[in-house]
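Participant: Mind having a look at this structure? Questions to follow.
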Amino acid sequence: MKAVTWQGVHDMRVTEVPDPRIEEPTDAIIRVTSSGLCGSDLHLYETLGPFMEAGDIVGHEPMGIVEEVGSAVTNLQVGDRVVVPFNVSCGSCWMCDQKLYSQCEKTQNPEHGTGASFFGYSKLYGHVPGGQAEYLRVPFADFLPVKVPEGPSDDRFLFLSDVLPTAWQGLEYAAVPDGGTLLVLGAGPIGDMAARMAAHRGHRVISVDRVPERLARVAKRGVETIDLDEAEKAGGVGEVVRESTDGRGADAVIDAVGMEAHGSPVASTMQKFVGLLPDAVAEPLMKRAGVDRLAALYTAFDAVRRGGTVSISGVYGGAADPIPMFQLFDKQVQLRMGQANVRAWTDELLGILRDDDPWDVESFATHHLPLDEAPQAYRHFQKKEEGMVKVVFRP
C-alpha cells in the first residue's frame with residue numbers, strides 16, 4: 001500500500017509499504033478514506049526527529065471502512081464506517097476506567113516515561129504505524145473505533161479523531177465562567193475549533209494569531225481577533241487584553257500553540273541544533289533539557305486574570321525550561337493540561353454531530369489533497385502558506 005513515511009528532518013515521502021495485517025484477535029483493519037494533517041505532525045517533521053526512524057508511517061487522524069476483523073471482535077463488522085481516535089487505548093484498564101484514555105496502562109511507554117501510545121507518533125509514543133496510508137491496523141477494535149452513520153461526508157466526522165475532542169477538552173479545562181472572557185492563543189486547527197465552540201456556548205472569545213487568513217476565519221464565527229504583531233507594538237497581548245477587560249485580563253486562556261510558537265529565536269536554534277545530534281545524544285537532551293519555545297505560554301500567564309485558568313492544549317517537549325513560578329503563585333493561576341482523552345468525549349460530540357453541525361465542521365478543512373501530495377502539504381503547512389489551516393488527505 002501507499003503511505004506517508006518519515007525519512008528524515010523535513011523529508012516526508014509517499015512510499016510503498018507492506019499492507020497491515022491482523023496481529024491480535026482484537027484487531028481490525030480499516031481502509032482509510034480520509035486522514036488529517038495535524039499541527040502535532042509538524043513536531044515530527046522537525047523537532048522530534050531524534051525519536052523517528054526512516055520509514056515510520058505517520059498520521060493520527062484517520063477514518064475509513066472496516067475491511068477485516070479479528071476473531072475476538074464482536075462490536076464491529078466488515079463494512080462499518082469508523083473514526084479512529086489518536087490515543088491507542090484499551091478501554092478496560094484502571095486509567096481507562098477513569099476516562100484518562102491518554103494514559104492507558106496497556107499502551108504506556110515506560111521506557112520513555114510517556115503515556116498511552118499514539119498512531120503514527122514516534123518511539124516516544126509506541127512506534128505504532130499511522131493513518132496517512134491506504135490501510136490501518138486498529139488495536140482494541142471492540143472499544144477504540146467510533147462507529148459513525150452513513151450519509152454525511154467524511155468531514156462531518158473525521159475530526160472526532162483529534163481536533164474536536166482536543167478543542168472540547170481544552171475548553172472544558174478552561175472552565176470559562178458564565179459571562180466570562182476566553183483568550184485563545186493560536187488560530188490553527190485546535191485554536192480555531194476551540195474558539196468556535198466557545199463562541200457557540202455564548203462566551204466572549206478573543207483569538208490571537210499573526211496569520212491574517214486564520215484571524216479572518218475565526219472572525220466569521222463572531223470571535224474578536226488580535227493580530228500578534230500589532231499587539232507586540234502596543235505593549236504585548238496581555239496589555240491589549242487587559243485594556244478590554246477592565247484591567248483584569250482574560251478569565252481563561254487556552255494555549256493552542258505549544259512549542260511551535262514564534263518569537264523565541266534562541267530556543268528555536270537550540271531545537272534545530274539538538275535535532276542534528278546523533279539520536280543517542282539527542283533523545284535524553286530532548287527529554288531533560290529546556291529546548292521549548294515558550295512565547296505562547298508566557299503570554300498566557302501574563303494575559304490571564306488573577307485567579308484565572310490557563311488550559312494548555314499545545315504540545316510541549318522540554319523538561320527543564322524556566323517557568324515563572326512566582327508569577328503563577330502570586331496570580332493564583334490554575335493550570336490544566338494534557339493530551340486529549342479522545343474516547344472520553346466522542347460519544348457526546350457524535351451525539352451533537354448526528355443531526356447538526358453547530359461548529360461548521362463540514363467546511364472546516366481548507367485543503368483536500370491526494371496522498372501523493374503529502375510532502376508538499378507538510379512544507380506549506382509548516383510555513384503557513386497557501387492559506388492552509390486544515391488539510392485532509394484522500395488516500
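Labeling convention for the C-alpha cells: chains A, B, ... as they appear, residues from 1 per chain, ligands from 1 in order of appearance.
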Write out as a list in words which residues come within 12 Å of Ala199 in chain A when counting only C-alpha atoms, dropping same-chain ones fewer than 5 positions away.

Facilitator: Leu171, Val176, Gly179, Gly180, Thr181, Leu182, Leu183, Val184, Asp192, Met193, Ala194, Arg204, Val205, Ile206, Ser207, Val218, Ala219, Lys220, Arg221, Gly222, Val223, Glu224, Pro358 and Trp359 of chain A

Participant: Limited to C-alpha atoms, could you put the picked residues into a file as a tab-separated table (two decimals), in the first residue's frame?

Facilitator:
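out22.tsv was written with the following content:
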```tsv
chain	number	residue	atom	x	y	z
A	171	LEU	CA	-12.49	24.37	26.60
A	176	VAL	CA	-14.81	29.79	31.47
A	179	GLY	CA	-20.31	35.87	31.04
A	180	GLY	CA	-16.55	35.42	31.09
A	181	THR	CA	-13.84	36.14	28.55
A	182	LEU	CA	-11.77	33.41	26.92
A	183	LEU	CA	-8.49	34.21	25.20
A	184	VAL	CA	-7.38	31.62	22.64
A	192	ASP	CA	-9.94	27.78	15.63
A	193	MET	CA	-12.22	24.96	16.73
A	194	ALA	CA	-11.96	25.86	20.44
A	204	ARG	CA	-16.81	36.31	24.77
A	205	VAL	CA	-13.87	34.93	22.79
A	206	ILE	CA	-10.68	36.68	21.72
A	207	SER	CA	-8.34	34.90	19.30
A	218	VAL	CA	-12.46	32.90	13.36
A	219	ALA	CA	-13.81	36.43	12.95
A	220	LYS	CA	-16.58	34.98	10.78
A	221	ARG	CA	-17.68	32.99	13.84
A	222	GLY	CA	-18.22	36.12	15.95
A	223	VAL	CA	-14.81	35.94	17.61
A	224	GLU	CA	-12.80	39.08	18.40
A	358	PRO	CA	-23.03	23.85	15.02
A	359	TRP	CA	-19.29	24.40	14.51
```

Participant: Within 7 Å of Phe51 in chain A, counting only C-alpha atoms, which residues qualify if same-chain residues fewer than 3 places away don't, as JSON, numbers by chain?

Facilitator: {"A": [48, 122, 123, 124, 283]}

Participant: Only C-alpha atoms, please: the residues just picked out, written as a PDB file, in the first residue's frame.

Facilitator:
```pdb
ATOM      1  CA  LEU A  48      11.148  15.270  17.380  1.00  0.00           C
ATOM      2  CA  SER A 122       7.489   8.141  17.035  1.00  0.00           C
ATOM      3  CA  LYS A 123       9.246   5.945  19.574  1.00  0.00           C
ATOM      4  CA  LEU A 124       8.148   8.308  22.326  1.00  0.00           C
ATOM      5  CA  GLU A 283      16.987  11.810  22.863  1.00  0.00           C
TER       6      GLU A 283
END
```

Participant: So which one's closest to Val84 in chain A, A:Trp345, A:Phe119, A:Phe326, A:Phe381? Using only C-alpha atoms, please.

Facilitator: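 Smallest separation from Val84 in chain A among the options: A:Phe119.
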
Participant: Counting only C-alpha atoms, which of A:Lys383, A:Arg336, A:Lys331, A:His43 gets nearest to Ser311 in chain A?

Facilitator: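 Closest to Ser311 in chain A of all the choices is A:Arg336.
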
Participant: Skip range 6-14 of chain A itself and residues of its chain fewer than 3 positions away, then list as a PyMOL selection string all residues within 10 Å of it, counting only C-alpha atoms.

Facilitator: chain A and resi 1-3+17+42-50+52-58+120+122+132-133+272+275-276+371-379+382

Participant: Taking the backbone alone, and naming residues the way the document does, which bits of range 57-298 of chain A are strand (DSSP E or B) by DSSP, as a VMD selection string?

Facilitator: chain A and resid 57 62 to 69 81 to 83 87 109 114 118 to 119 128 133 135 to 138 146 to 147 181 to 185 204 to 209 224 to 227 250 to 255

Participant: How many Å separate CA of Leu185 in chain A from CA of Ser313 in chain A?

Facilitator: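 These atoms are spaced 10.1 Å apart.
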
Participant: Can you tell me which residues surround Phe140 in chain A at a distance of at most 10 Å, considering only C-alpha atoms, apart from same-chain residues fewer than 5 positions away, and format the answer as an MDAnalysis selection string?

Facilitator: chainID A and resid 24:28 70 72:73 88:92 145

Participant: I need the chosen residues saved as an mmCIF file, in the first residue's frame, with C-alpha atoms.

Facilitator:
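Saved result, again24.cif, follows:
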```cif
data_model
loop_
_atom_site.group_PDB
_atom_site.id
_atom_site.type_symbol
_atom_site.label_atom_id
_atom_site.label_comp_id
_atom_site.auth_asym_id
_atom_site.auth_seq_id
_atom_site.Cartn_x
_atom_site.Cartn_y
_atom_site.Cartn_z
ATOM 1 C CA GLU A 24 -4.122 -9.930 17.644
ATOM 2 C CA PRO A 25 -7.644 -11.379 17.739
ATOM 3 C CA THR A 26 -8.859 -7.979 18.992
ATOM 4 C CA ASP A 27 -7.533 -6.097 15.915
ATOM 5 C CA ALA A 28 -9.359 -4.679 12.916
ATOM 6 C CA GLY A 70 -10.014 -10.368 14.361
ATOM 7 C CA ALA A 72 -12.412 -11.849 19.149
ATOM 8 C CA VAL A 73 -14.053 -8.708 17.763
ATOM 9 C CA VAL A 88 -4.341 3.801 21.411
ATOM 10 C CA SER A 89 -6.408 2.895 24.468
ATOM 11 C CA CYS A 90 -7.823 -0.405 25.659
ATOM 12 C CA GLY A 91 -10.942 0.863 27.438
ATOM 13 C CA SER A 92 -10.633 -1.572 30.345
ATOM 14 C CA PRO A 145 -13.053 2.872 16.826
#
```

Participant: Excluding Met63 in chain A and its own-chain neighbours fewer than 2 positions away, which residues fall within 7 Å of it when counting only C-alpha atoms? Please give them as a list in words.

Facilitator: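 Near neighbours after the sequence-gap exclusion: Val32, Thr33, Ser34, Ser35, Val82, Val83, Val84 and Leu158 of chain A.
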
Participant: Write out as number ranges by chain all residues of range 59-150 of chain A that DSSP puts in helix (DSSP H, G or I) for this structure's backbone.

Facilitator: A: 94-97, 101-103, 123-125

Participant: Just how far from CA of Ile30 in chain A is CA of Val78 in chain A, in Å to one decimal?

Facilitator: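 A separation of 8.9 Å between them.
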